[in-house]
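Undergrad: Compact mmCIF, C-alpha atoms, file structure.txt:
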# COMPACT_ATOMS: atom_id res chain seq x y z
CA MET A 1 -13.05 9.15 27.57
CA VAL A 2 -10.61 6.72 29.15
CA PHE A 3 -7.83 7.87 31.49
CA ILE A 4 -4.93 5.63 32.41
CA ASN A 5 -3.01 6.54 35.56
CA THR A 6 -1.12 3.58 36.93
CA ALA A 7 2.29 2.22 37.82
CA ALA A 8 1.44 -1.42 37.20
CA ALA A 9 4.26 -3.45 35.66
CA PHE A 10 2.34 -5.11 32.85
CA THR A 11 1.23 -4.44 29.32
CA ILE A 12 -1.90 -2.32 29.20
CA VAL A 13 -4.49 -2.63 26.45
CA GLU A 14 -7.17 0.06 26.37
CA SER A 15 -9.61 1.33 23.76
CA GLY A 16 -12.23 4.04 23.46
CA ASP A 17 -13.26 7.19 21.61
CA THR A 18 -10.62 9.23 23.43
CA VAL A 19 -7.81 7.58 25.37
CA VAL A 20 -5.53 9.68 27.58
CA ILE A 21 -2.43 8.07 29.08
CA ASP A 22 -1.41 10.05 32.14
CA GLY A 23 0.97 9.43 35.03
CA ILE A 24 3.82 6.89 34.96
CA ILE A 25 3.60 3.40 33.43
CA ASP A 26 6.50 1.04 34.04
CA ASP A 27 6.05 -1.33 31.10
CA ASP A 28 4.83 -1.60 27.50
CA VAL A 29 1.50 -0.16 26.39
CA ILE A 30 -0.81 -1.21 23.57
CA VAL A 31 -3.60 1.29 23.01
CA THR A 32 -6.30 1.96 20.41
CA GLY A 33 -8.89 4.71 20.09
CA ALA A 34 -10.37 7.35 17.84
CA LYS A 35 -8.00 9.79 19.56
CA VAL A 36 -5.01 8.68 21.63
CA ILE A 37 -3.12 11.22 23.75
CA ILE A 38 0.04 10.27 25.65
CA GLU A 39 0.75 12.93 28.26
CA GLY A 40 2.57 10.95 30.95
CA ILE A 41 5.72 8.84 31.03
CA VAL A 42 5.82 5.32 29.56
CA ARG A 43 8.96 3.41 30.54
CA GLY A 44 8.57 0.81 27.82
CA ASP A 45 7.37 0.51 24.22
CA VAL A 46 4.11 2.01 22.99
CA ILE A 47 2.04 0.44 20.22
CA ALA A 48 -0.84 2.67 19.19
CA ALA A 49 -3.55 2.61 16.54
CA GLY A 50 -6.32 5.13 15.95
CA GLY A 51 -7.62 8.13 14.07
CA THR A 52 -5.24 10.59 15.76
CA VAL A 53 -2.26 9.79 17.99
CA GLN A 54 -0.55 12.59 19.92
CA VAL A 55 2.60 12.16 21.99
CA LYS A 56 2.94 15.09 24.40
CA GLY A 57 4.78 13.27 27.18
CA THR A 58 7.72 10.86 27.21
CA ILE A 59 8.08 7.35 25.79
CA GLU A 60 11.38 5.90 26.96
CA GLU A 61 11.61 3.10 24.38
CA ASP A 62 10.07 2.39 20.93
CA LEU A 63 6.91 3.87 19.45
CA ILE A 64 4.98 1.94 16.80
CA VAL A 65 1.90 3.63 15.33
CA ALA A 66 -0.73 3.04 12.66
CA ALA A 67 -3.04 6.09 12.52
CA GLY A 68 -4.65 8.74 10.37
CA ASN A 69 -2.70 11.58 11.99
CA VAL A 70 0.35 11.38 14.25
CA ILE A 71 1.74 14.40 16.13
CA ILE A 72 4.87 14.03 18.25
CA SER A 73 5.61 17.08 20.38
CA GLY A 74 7.08 15.17 23.34
CA THR A 75 10.07 12.83 23.53
CA VAL A 76 10.62 9.26 22.27
CA GLY A 77 13.69 7.59 23.73
CA ASP A 78 14.29 5.00 21.01
CA ASP A 79 13.02 4.16 17.51
CA ILE A 80 9.76 5.20 15.84
CA ARG A 81 7.97 3.11 13.20
CA ILE A 82 4.92 4.81 11.75
CA ALA A 83 2.26 4.23 9.10
CA ALA A 84 0.06 7.33 8.92
CA GLY A 85 -1.86 9.74 6.74
CA THR A 86 0.04 12.70 8.22
CA LEU A 87 3.10 12.63 10.48
CA ILE A 88 4.30 15.77 12.25
CA ILE A 89 7.38 15.65 14.48
CA GLU A 90 7.79 18.72 16.68
CA GLY A 91 9.64 17.09 19.59
CA GLY A 92 12.68 14.89 20.07
CA VAL A 93 13.41 11.33 18.91
CA GLN A 94 16.58 9.79 20.38
CA ASP A 95 17.10 7.17 17.66
CA ASP A 96 15.77 6.30 14.18
CA VAL A 97 12.45 7.09 12.51
CA ILE A 98 10.94 4.87 9.82
CA ALA A 99 7.80 6.42 8.36
CA ILE A 100 5.22 5.60 5.69
CA ALA A 101 2.87 8.54 5.37
CA GLY A 102 0.84 10.64 3.00
CA GLU A 103 2.74 13.67 4.30
CA THR A 104 5.74 13.82 6.64
CA VAL A 105 6.80 17.03 8.41
CA LEU A 106 9.84 17.51 10.65
CA SER A 107 9.20 21.01 12.00
CA ASN A 108 11.94 23.50 12.92
CA SER A 109 11.67 22.39 16.58
CA GLY A 110 11.85 18.69 15.66
CA ASN A 111 15.05 16.74 16.34
CA ILE A 112 15.83 13.15 15.29
CA SER A 113 19.13 11.96 16.76
CA GLY A 114 19.43 8.93 14.46
CA ASP A 115 18.35 8.24 10.87
CA LEU A 116 15.16 9.35 9.15
CA LEU A 117 13.80 6.99 6.50
CA ALA A 118 10.58 8.32 4.98
CA THR A 119 8.45 6.96 2.19
CA THR A 120 5.80 9.59 1.74
CA GLY A 121 3.78 11.73 -0.65
CA LYS A 122 5.45 14.94 0.54
CA LEU A 123 8.44 15.35 2.86
CA THR A 124 9.09 18.71 4.53
CA MET A 125 12.24 18.79 6.68
CA GLU A 126 12.86 21.97 8.65
CA GLY A 127 14.40 20.47 11.81
CA LYS A 128 17.48 18.41 12.50
CA VAL A 129 18.39 14.82 11.56
CA GLY A 130 21.47 13.73 13.48
CA GLU A 131 22.58 10.98 11.11
CA ASP A 132 21.40 9.89 7.62
CA LEU A 133 18.30 11.01 5.73
CA THR A 134 16.68 8.68 3.20
CA GLY A 135 13.58 10.10 1.52
CA SER A 136 11.38 8.75 -1.25
CA ALA A 137 8.42 10.95 -2.21
CA LYS A 138 6.69 12.88 -4.94
CA GLU A 139 7.94 16.15 -3.44
CA ILE A 140 10.80 16.81 -0.99
CA ASP A 141 11.60 20.17 0.63
CA ILE A 142 14.80 20.36 2.73
CA LYS A 143 15.29 23.42 4.95
CA GLY A 144 16.94 21.87 8.02
CA SER A 145 20.22 20.10 8.78
CA VAL A 146 21.41 16.53 8.21
CA GLY A 147 24.35 15.28 10.28
CA GLY A 148 25.21 12.42 7.91
CA ASN A 149 24.45 11.54 4.29
CA ALA A 150 21.25 12.31 2.37
CA ASP A 151 19.73 9.99 -0.24
CA LEU A 152 16.70 11.55 -1.92
CA ASN A 153 14.35 10.24 -4.58
CA ALA A 154 11.51 12.50 -5.75
CA GLU A 155 9.91 14.05 -8.79
CA LYS A 156 10.47 17.52 -7.30
CA ILE A 157 13.25 18.36 -4.82
CA THR A 158 13.89 21.74 -3.21
CA ILE A 159 16.95 22.41 -1.03
CA SER A 160 16.93 25.76 0.74
CA PRO A 161 20.07 27.92 1.00
CA LYS A 162 19.59 27.60 4.79
CA ALA A 163 19.84 23.80 4.65
CA SER A 164 23.02 21.88 5.51
CA ILE A 165 24.08 18.31 4.75
CA ALA A 166 27.29 17.31 6.52
CA GLY A 167 27.98 14.20 4.45
CA ASN A 168 27.25 13.17 0.86
CA LEU A 169 24.13 14.07 -1.09
CA GLU A 170 22.83 11.64 -3.67
CA TYR A 171 19.54 12.45 -5.33
CA ARG A 172 17.32 11.25 -8.18
CA SER A 173 14.86 13.62 -9.74
CA SER A 174 13.37 14.64 -13.05
CA SER A 175 15.51 17.81 -13.07
CA GLU A 176 18.71 19.01 -11.42
CA VAL A 177 18.35 21.07 -8.23
CA ASN A 178 19.93 24.47 -7.67
CA ILE A 179 22.05 23.93 -4.54
CA LYS A 180 23.97 26.72 -2.84
CA GLU A 181 27.72 26.13 -2.60
CA GLY A 182 28.72 24.88 0.84
CA THR A 183 25.32 23.30 1.57
CA VAL A 184 26.75 19.82 1.01
CA GLY A 185 29.81 18.97 3.11
CA LYS A 186 31.17 16.16 0.94
CA GLU A 187 30.28 14.66 -2.45
CA LEU A 188 27.23 15.54 -4.55
CA HIS A 189 25.71 13.11 -7.08
CA TYR A 190 22.67 13.69 -9.29
CA TYR A 191 20.85 11.05 -11.37
CA GLN A 192 18.10 12.05 -13.77
CA THR A 193 15.02 9.83 -13.46
CA ASP A 194 11.70 9.72 -15.29
CA TYR A 195 8.67 9.37 -13.03
CA HIS A 196 5.37 7.64 -13.63
CA GLU A 197 2.12 7.64 -11.69
CA ASN A 198 2.42 3.98 -10.68
CA GLY A 199 5.33 1.82 -9.60
CA GLY A 200 8.87 2.88 -8.81
CA ILE A 201 11.06 2.75 -5.72
CA ALA A 202 8.58 4.57 -3.49
CA SER A 203 5.79 2.08 -4.25
CA SER A 204 8.05 -0.90 -3.51
CA MET A 205 9.23 0.62 -0.24
CA ILE A 206 5.69 1.46 0.82
CA ARG A 207 4.46 -2.08 0.16
CA GLY A 208 7.38 -3.61 2.03
CA LEU A 209 7.16 -1.30 5.03
CA ILE A 210 3.37 -1.64 5.28
CA SER A 211 3.74 -5.42 5.27
CA TYR A 212 6.42 -5.23 7.97
CA LEU A 213 4.52 -2.80 10.20
CA ALA A 214 1.27 -4.74 9.87
CA LEU A 215 2.96 -7.98 10.93
CA VAL A 216 4.79 -6.23 13.80
CA LEU A 217 1.48 -4.87 15.10
CA ILE A 218 -0.12 -8.32 14.84
CA GLY A 219 2.86 -9.80 16.67
CA LEU A 220 2.76 -7.24 19.46
CA ILE A 221 -0.94 -7.77 19.99
CA GLY A 222 -0.41 -11.54 19.98
CA LEU A 223 2.39 -11.28 22.55
CA ALA A 224 0.17 -9.12 24.75
CA ILE A 225 -2.66 -11.69 24.64
CA TRP A 226 -0.82 -15.06 24.47
CA PRO A 227 2.79 -14.41 25.59
CA ASN A 228 3.45 -17.82 27.16
CA TYR A 229 1.78 -19.74 24.32
CA LEU A 230 3.80 -18.02 21.57
CA GLU A 231 7.02 -18.35 23.59
CA ASP A 232 6.38 -22.09 24.07
CA ILE A 233 5.69 -22.73 20.38
CA ALA A 234 8.74 -20.68 19.34
CA ALA A 235 10.95 -22.75 21.67
CA LYS A 236 9.79 -25.96 19.94
CA THR A 237 10.84 -24.72 16.47
CA SER A 238 14.27 -26.39 16.58
CA GLU A 239 13.18 -29.63 18.32
CA SER A 240 11.78 -31.61 15.35
CA PRO A 241 11.68 -29.20 12.39
CA GLY A 242 11.27 -31.94 9.76
CA LYS A 243 8.30 -33.54 11.48
CA ALA A 244 6.76 -30.14 12.22
CA PHE A 245 7.16 -29.03 8.58
CA LEU A 246 5.47 -32.15 7.19
CA THR A 247 2.68 -31.86 9.77
CA GLY A 248 2.18 -28.18 8.94
CA LEU A 249 2.11 -28.91 5.21
CA LEU A 250 -0.47 -31.69 5.68
CA VAL A 251 -2.64 -29.55 7.99
CA THR A 252 -2.60 -26.66 5.50
CA ILE A 253 -3.45 -28.86 2.49
CA VAL A 254 -6.25 -30.69 4.30
CA SER A 255 -7.66 -27.43 5.66
CA VAL A 256 -7.74 -25.86 2.18
CA MET A 257 -9.38 -28.97 0.69
CA ILE A 258 -12.07 -29.10 3.40
CA THR A 259 -12.72 -25.37 2.99
CA LEU A 260 -13.18 -25.75 -0.79
CA LEU A 261 -15.53 -28.70 -0.30
CA LEU A 262 -17.63 -26.72 2.21
CA PHE A 263 -17.93 -23.82 -0.24
CA VAL A 264 -19.49 -26.16 -2.81
CA THR A 265 -22.69 -26.50 -0.75
CA LEU A 266 -24.84 -23.57 0.38
CA ILE A 267 -25.18 -25.00 3.88
CA GLY A 268 -21.43 -25.42 4.26
CA ILE A 269 -20.45 -21.85 3.27
CA PRO A 270 -20.65 -20.35 6.81
CA LEU A 271 -18.54 -23.19 8.24
CA GLY A 272 -16.14 -22.85 5.31
CA LEU A 273 -15.71 -19.15 6.02
CA ILE A 274 -14.99 -19.86 9.70
CA LEU A 275 -12.42 -22.50 8.77
CA LEU A 276 -10.79 -20.14 6.26
CA ILE A 277 -10.53 -17.34 8.85
CA ILE A 278 -9.00 -19.75 11.38
CA LEU A 279 -6.47 -20.93 8.77
CA LEU A 280 -5.48 -17.36 7.86
CA ILE A 281 -5.07 -16.42 11.54
CA MET A 282 -2.94 -19.52 12.12
CA LEU A 283 -0.69 -18.66 9.15
CA TYR A 284 -0.15 -15.10 10.43
CA VAL A 285 0.52 -16.33 13.97
CA ALA A 286 2.94 -18.92 12.54
CA ARG A 287 4.99 -16.16 10.90
CA ILE A 288 5.17 -14.29 14.20
CA ILE A 289 6.33 -17.45 16.00
CA ALA A 290 8.98 -18.07 13.33
CA SER A 291 10.14 -14.46 13.67
CA ILE A 292 10.58 -14.83 17.44
CA TRP A 293 12.72 -17.93 16.95
CA ILE A 294 14.79 -16.37 14.10
CA GLY A 295 15.38 -13.12 16.01
CA ARG A 296 16.37 -14.93 19.20
CA TYR A 297 18.66 -17.36 17.36
CA LEU A 298 20.50 -14.64 15.44
CA LEU A 299 20.87 -12.34 18.45
CA LEU A 300 22.26 -15.18 20.57
CA LYS A 301 24.74 -15.96 17.77
CA ILE A 302 26.19 -12.48 18.12
CA GLY A 303 26.12 -12.68 21.91
CA LYS A 304 23.14 -10.43 22.56
CA THR A 305 19.86 -10.92 24.37
CA SER A 306 16.75 -8.79 24.19
CA LYS A 307 13.04 -8.69 25.01
CA THR A 308 10.74 -10.99 23.06
CA VAL A 309 9.11 -8.06 21.24
CA ASN A 310 12.50 -6.91 19.94
CA GLU A 311 13.45 -10.45 18.94
CA MET A 312 10.18 -10.72 17.04
CA ALA A 313 10.61 -7.36 15.25
CA PHE A 314 14.21 -8.17 14.28
CA GLY A 315 13.39 -11.73 13.20
CA LEU A 316 10.44 -10.52 11.14
CA LEU A 317 12.62 -7.99 9.33
CA VAL A 318 15.16 -10.73 8.52
CA LEU A 319 12.39 -13.08 7.34
CA LEU A 320 10.87 -10.45 5.02
CA LEU A 321 14.27 -9.48 3.59
CA VAL A 322 15.19 -13.12 2.94
CA SER A 323 11.77 -13.79 1.39
CA ALA A 324 12.51 -11.07 -1.21
CA ILE A 325 15.28 -13.24 -2.71
CA PRO A 326 13.93 -14.91 -5.90
CA ILE A 327 12.93 -18.60 -5.55
CA ILE A 328 15.05 -19.33 -2.45
CA GLY A 329 13.35 -16.58 -0.46
CA GLY A 330 9.90 -17.95 -1.23
CA LEU A 331 10.93 -21.44 -0.12
CA VAL A 332 12.42 -20.10 3.13
CA TYR A 333 9.22 -18.15 3.81
CA ILE A 334 7.06 -21.25 3.25
CA VAL A 335 9.23 -23.42 5.50
CA ALA A 336 9.34 -20.74 8.22
CA THR A 337 5.54 -20.60 8.15
CA LEU A 338 4.74 -24.33 8.00
CA ILE A 339 7.06 -25.45 10.84
CA PRO A 340 5.16 -23.36 13.45
CA VAL A 341 1.83 -24.47 11.91
CA GLY A 342 2.87 -28.08 12.57
CA ASN A 343 3.88 -27.27 16.14
CA ILE A 344 0.62 -25.41 16.75
CA TYR A 345 -1.33 -28.45 15.56
CA MET A 346 0.71 -30.92 17.63
CA LYS A 347 0.37 -28.77 20.76
CA ALA A 348 -3.39 -28.47 20.18
CA ARG A 349 -3.69 -32.28 19.92
CA HIS A 350 -1.95 -32.71 23.25
If you convert what's in this file into structure tokens, what do you get?
TA:
Amino acid sequence: MVFINTAAAFTIVESGDTVVIDGIIDDDVIVTGAKVIIEGIVRGDVIAAGGTVQVKGTIEEDLIVAAGNVIISGTVGDDIRIAAGTLIIEGGVQDDVIAIAGETVLSNSGNISGDLLATTGKLTMEGKVGEDLTGSAKEIDIKGSVGGNADLNAEKITISPKASIAGNLEYRSSSEVNIKEGTVGKELHYYQTDYHENGGIASSMIRGLISYLALVLIGLIGLAIWPNYLEDIAAKTSESPGKAFLTGLLVTIVSVMITLLLFVTLIGIPLGLILLIILLIMLYVARIIASIWIGRYLLLKIGKTSKTVNEMAFGLLVLLLVSAIPIIGGLVYIVATLIPVGNIYMKARH
């Protein structure tokens, strides 16, 4: 068991079978373990990964989690981004929740002040969502209240007579739902949809959100380990982009060719595997660097500044959304990856 009880102003990385965060921590925390329990106060972001993650205390900023089971009975002061087998929210969240889970439960004591966006196998909502609810699942059961609009997409939808939706309700399902008069405050729209075992909106959302969360976690870990290095490379992105792109393209092509040649011989296979792993790591790191630069550039354009982790998360979201555009998006994604690769190589040479 690992206990953390400190007021040190730096990012903390801990791991173990059971990790308990107690006391007051004045900065961001990255933590992994078979069981992670947050009982104290964290005055920054928390990034957690493990079998079970429980939040009993207070997180004043964002919470990002990848875990088998996530239980939130305490308070989160900003956004939550979660990929989990089971998510249970019993406490308070002061902003938005984005969740990918096998099952998502907002209990009757749970309160989300902002939006809830859930892509899940089953969504049970008994508590309160202050703004909009967007749910995509196989089964959705609404018993609580929604302060804004609700957009639901599920094979089976149940809306209790006790439920309330202040705004519009738009839902897609295989059959129309019996909704008590007065449950929906504004307009009600139903669209009949046929469901299949594979594919569909839920599958696309899950793939996209998993990709985003995975890259955010990689970026946060990278910033915790090499903050100055990633910042320095990101700052060089706009200095000689053409030269960096051509260098990155050449480095990538040569690396792939050498790797393939090494795989031809039995003796060269281990070295080829090492080179391939290094190349893959460099490509992932390059995307994180590009995201930092994109996020910072766009935020400065609108007159805002933020922490590097927020710039990275915002920039990464923009990069993934742009990359979804046919043809042009793929080219943008390639360029955004190869420019940092070139800068990484040139910095390594020096």
Undergrad: Hey, could you make a per-residue contact list for stretch 250-332 of chain A against stretch 37-51 of chain A with 12 Å as the cut-off, showing the nearest pair of atoms and its distance in Å to one decimal, counting all atoms listed in the file, sorted by chain and number, as CSV?
TA:
residue,atom,partner,partner_atom,distance
A:Lys307,CA,A:Asp45,CA,10.8
A:Val309,CA,A:Asp45,CA,9.2
A:Asn310,CA,A:Asp45,CA,10.0
Undergrad: Out of A:Asn111, A:Ser164, A:Thr104, A:Gln54, which residue has the shortest atom-to-atom distance to A:Ala137 when counting all atoms listed in the file?
TA: A:Thr104
Undergrad: Give as a PDB file with C-alpha atoms, in the coordinates of the input every residue, naming chains and numbers as the document does, that has an atom within 7 Å of (26.9, 15.1, -0.4), counting all atoms listed in the file.
TA:
ATOM      1  CA  ASN A 149      24.450  11.540   4.290  1.00  0.00           C
ATOM      2  CA  ALA A 150      21.250  12.310   2.370  1.00  0.00           C
ATOM      3  CA  ILE A 165      24.080  18.310   4.750  1.00  0.00           C
ATOM      4  CA  GLY A 167      27.980  14.200   4.450  1.00  0.00           C
ATOM      5  CA  ASN A 168      27.250  13.170   0.860  1.00  0.00           C
ATOM      6  CA  LEU A 169      24.130  14.070  -1.090  1.00  0.00           C
ATOM      7  CA  GLU A 170      22.830  11.640  -3.670  1.00  0.00           C
ATOM      8  CA  VAL A 184      26.750  19.820   1.010  1.00  0.00           C
ATOM      9  CA  GLY A 185      29.810  18.970   3.110  1.00  0.00           C
ATOM     10  CA  LYS A 186      31.170  16.160   0.940  1.00  0.00           C
ATOM     11  CA  GLU A 187      30.280  14.660  -2.450  1.00  0.00           C
ATOM     12  CA  LEU A 188      27.230  15.540  -4.550  1.00  0.00           C
TER      13      LEU A 188
END
Undergrad: Set up a box along x, y and z of the file covering all listed atoms of stretch 87-94 of chain A, add 4 Å on every one of the six sides, and write the centre and edge lengths in Å to one decimal, as lines of an AutoDock Vina configuration file.
TA:
center_x = 9.8
center_y = 14.3
center_z = 15.4
size_x = 21.5
size_y = 16.9
size_z = 17.9
Undergrad: What's the separation between atom CA of A:Leu215 and atom CA of A:Gly130, in Å to one decimal place?
TA: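 Separating atom CA of A:Leu215 from atom CA of A:Gly130 is a distance of 28.6 Å.
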Undergrad: With all atoms listed in the file as the counted atoms, please give the residues lying no more than 7 Å from A:Tyr171, apart from itself and same-chain residues fewer than 5 positions off, as a list of chain:residue names.
TA: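 In the requested format, the answer is A:Asp151, A:Leu152, A:Asn153, A:His189, A:Tyr190, A:Tyr191.
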Undergrad: Write out as a PyMOL selection string the residues lying within 6 Å of A:Thr193, counting all atoms listed in the file and excluding same-chain residues fewer than 2 positions away.
TA: chain A and resi 172-174
Undergrad: Would you write out those residues with C-alpha atoms, as an mmCIF file, in the coordinates of the input?
TA:
data_model
loop_
_atom_site.group_PDB
_atom_site.id
_atom_site.type_symbol
_atom_site.label_atom_id
_atom_site.label_comp_id
_atom_site.auth_asym_id
_atom_site.auth_seq_id
_atom_site.Cartn_x
_atom_site.Cartn_y
_atom_site.Cartn_z
ATOM 1 C CA ARG A 172 17.320 11.250 -8.180
ATOM 2 C CA SER A 173 14.860 13.620 -9.740
ATOM 3 C CA SER A 174 13.370 14.640 -13.050
#
Undergrad: Calculate how many Å separate atom CA of A:Arg81 from atom CA of A:Asp27, rounding to one decimal.
TA: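 Pair atom CA of A:Arg81 / atom CA of A:Asp27 returns 18.5 Å.
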Undergrad: Which polymer residues have any atom within 9 Å of an atom of A:Val53, counting all atoms listed in the file, with same-chain residues fewer than 4 positions away left out, as a list in words?
TA: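 Answer for this query is Gly33, Ala34, Lys35, Val36, Ile37, Ile38, Ala48, Ala49, Val65, Ala66, Ala67, Gly68, Asn69, Val70, Ile71 and Ile72 of chain A.
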Undergrad: Write out as a tab-separated table a residue-level contact list of stretch 245-338 of chain A versus stretch 232-238 of chain A with cut-off 10 Å: for each qualifying residue the closest pair of atoms and the distance in Å to one decimal, counting all atoms listed in the file, rows sorted by chain and residue number upward.
TA:
residue	atom	partner	partner_atom	distance
A:Phe245	CA	A:Thr237	CA	9.7
A:Ala286	CA	A:Ala234	CA	9.1
A:Ile288	CA	A:Ala234	CA	8.9
A:Ile289	CA	A:Ala234	CA	5.2
A:Ala290	CA	A:Ala234	CA	6.6
A:Ser291	CA	A:Ala234	CA	8.5
A:Ile292	CA	A:Ala234	CA	6.4
A:Trp293	CA	A:Ala234	CA	5.4
A:Ile294	CA	A:Ala234	CA	9.1
A:Arg296	CA	A:Ala234	CA	9.6
A:Ala336	CA	A:Thr237	CA	9.3
Undergrad: At a cut-off of 9 Å, using all atoms listed in the file, what residues contact A:Glu139? Leave out same-chain residues fewer than 3 positions from it and give the result as a ChimeraX atom specification.
TA: /A:120-124,136,153-158
Undergrad: Record the distance separating atom CA of A:Met125 and atom CA of A:Val177, expressed in Å with one decimal.
TA: 16.3 Å
Undergrad: So which residues are close to (-0.1, -15.0, 22.2), meaning at most 12 Å away in the file's coordinates with only C-alpha atoms counted, and can you show them as a PDB file with C-alpha atoms, keeping the file's coordinate frame?
TA:
ATOM      1  CA  ILE A 218      -0.120  -8.320  14.840  1.00  0.00           C
ATOM      2  CA  GLY A 219       2.860  -9.800  16.670  1.00  0.00           C
ATOM      3  CA  LEU A 220       2.760  -7.240  19.460  1.00  0.00           C
ATOM      4  CA  ILE A 221      -0.940  -7.770  19.990  1.00  0.00           C
ATOM      5  CA  GLY A 222      -0.410 -11.540  19.980  1.00  0.00           C
ATOM      6  CA  LEU A 223       2.390 -11.280  22.550  1.00  0.00           C
ATOM      7  CA  ALA A 224       0.170  -9.120  24.750  1.00  0.00           C
ATOM      8  CA  ILE A 225      -2.660 -11.690  24.640  1.00  0.00           C
ATOM      9  CA  TRP A 226      -0.820 -15.060  24.470  1.00  0.00           C
ATOM     10  CA  PRO A 227       2.790 -14.410  25.590  1.00  0.00           C
ATOM     11  CA  ASN A 228       3.450 -17.820  27.160  1.00  0.00           C
ATOM     12  CA  TYR A 229       1.780 -19.740  24.320  1.00  0.00           C
ATOM     13  CA  LEU A 230       3.800 -18.020  21.570  1.00  0.00           C
ATOM     14  CA  GLU A 231       7.020 -18.350  23.590  1.00  0.00           C
ATOM     15  CA  ASP A 232       6.380 -22.090  24.070  1.00  0.00           C
ATOM     16  CA  ILE A 233       5.690 -22.730  20.380  1.00  0.00           C
ATOM     17  CA  ALA A 234       8.740 -20.680  19.340  1.00  0.00           C
ATOM     18  CA  ILE A 281      -5.070 -16.420  11.540  1.00  0.00           C
ATOM     19  CA  MET A 282      -2.940 -19.520  12.120  1.00  0.00           C
ATOM     20  CA  TYR A 284      -0.150 -15.100  10.430  1.00  0.00           C
ATOM     21  CA  VAL A 285       0.520 -16.330  13.970  1.00  0.00           C
ATOM     22  CA  ALA A 286       2.940 -18.920  12.540  1.00  0.00           C
ATOM     23  CA  ILE A 288       5.170 -14.290  14.200  1.00  0.00           C
ATOM     24  CA  ILE A 289       6.330 -17.450  16.000  1.00  0.00           C
ATOM     25  CA  ILE A 292      10.580 -14.830  17.440  1.00  0.00           C
ATOM     26  CA  THR A 308      10.740 -10.990  23.060  1.00  0.00           C
ATOM     27  CA  VAL A 309       9.110  -8.060  21.240  1.00  0.00           C
ATOM     28  CA  ILE A 344       0.620 -25.410  16.750  1.00  0.00           C
TER      29      ILE A 344
END
Undergrad: Using all atoms listed in the file, pick whichever of A:Thr86, A:Thr119, A:Thr265, A:Thr259 has the shortest atom-to-atom distance to A:Leu280.
TA: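 Closest residue, counting all atoms listed in the file: A:Thr259.
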Undergrad: For A:Leu262, list every protein, DNA or RNA residue within 12 Å, evaluated using all atoms listed in the file, and leave out those in the same chain fewer than 3 positions away; present the list as a list of chain:residue names.
TA: A:Ser255, A:Val256, A:Met257, A:Ile258, A:Thr259, A:Thr265, A:Leu266, A:Ile267, A:Gly268, A:Ile269, A:Pro270, A:Leu271, A:Gly272, A:Leu273, A:Ile274, A:Leu275, A:Leu276
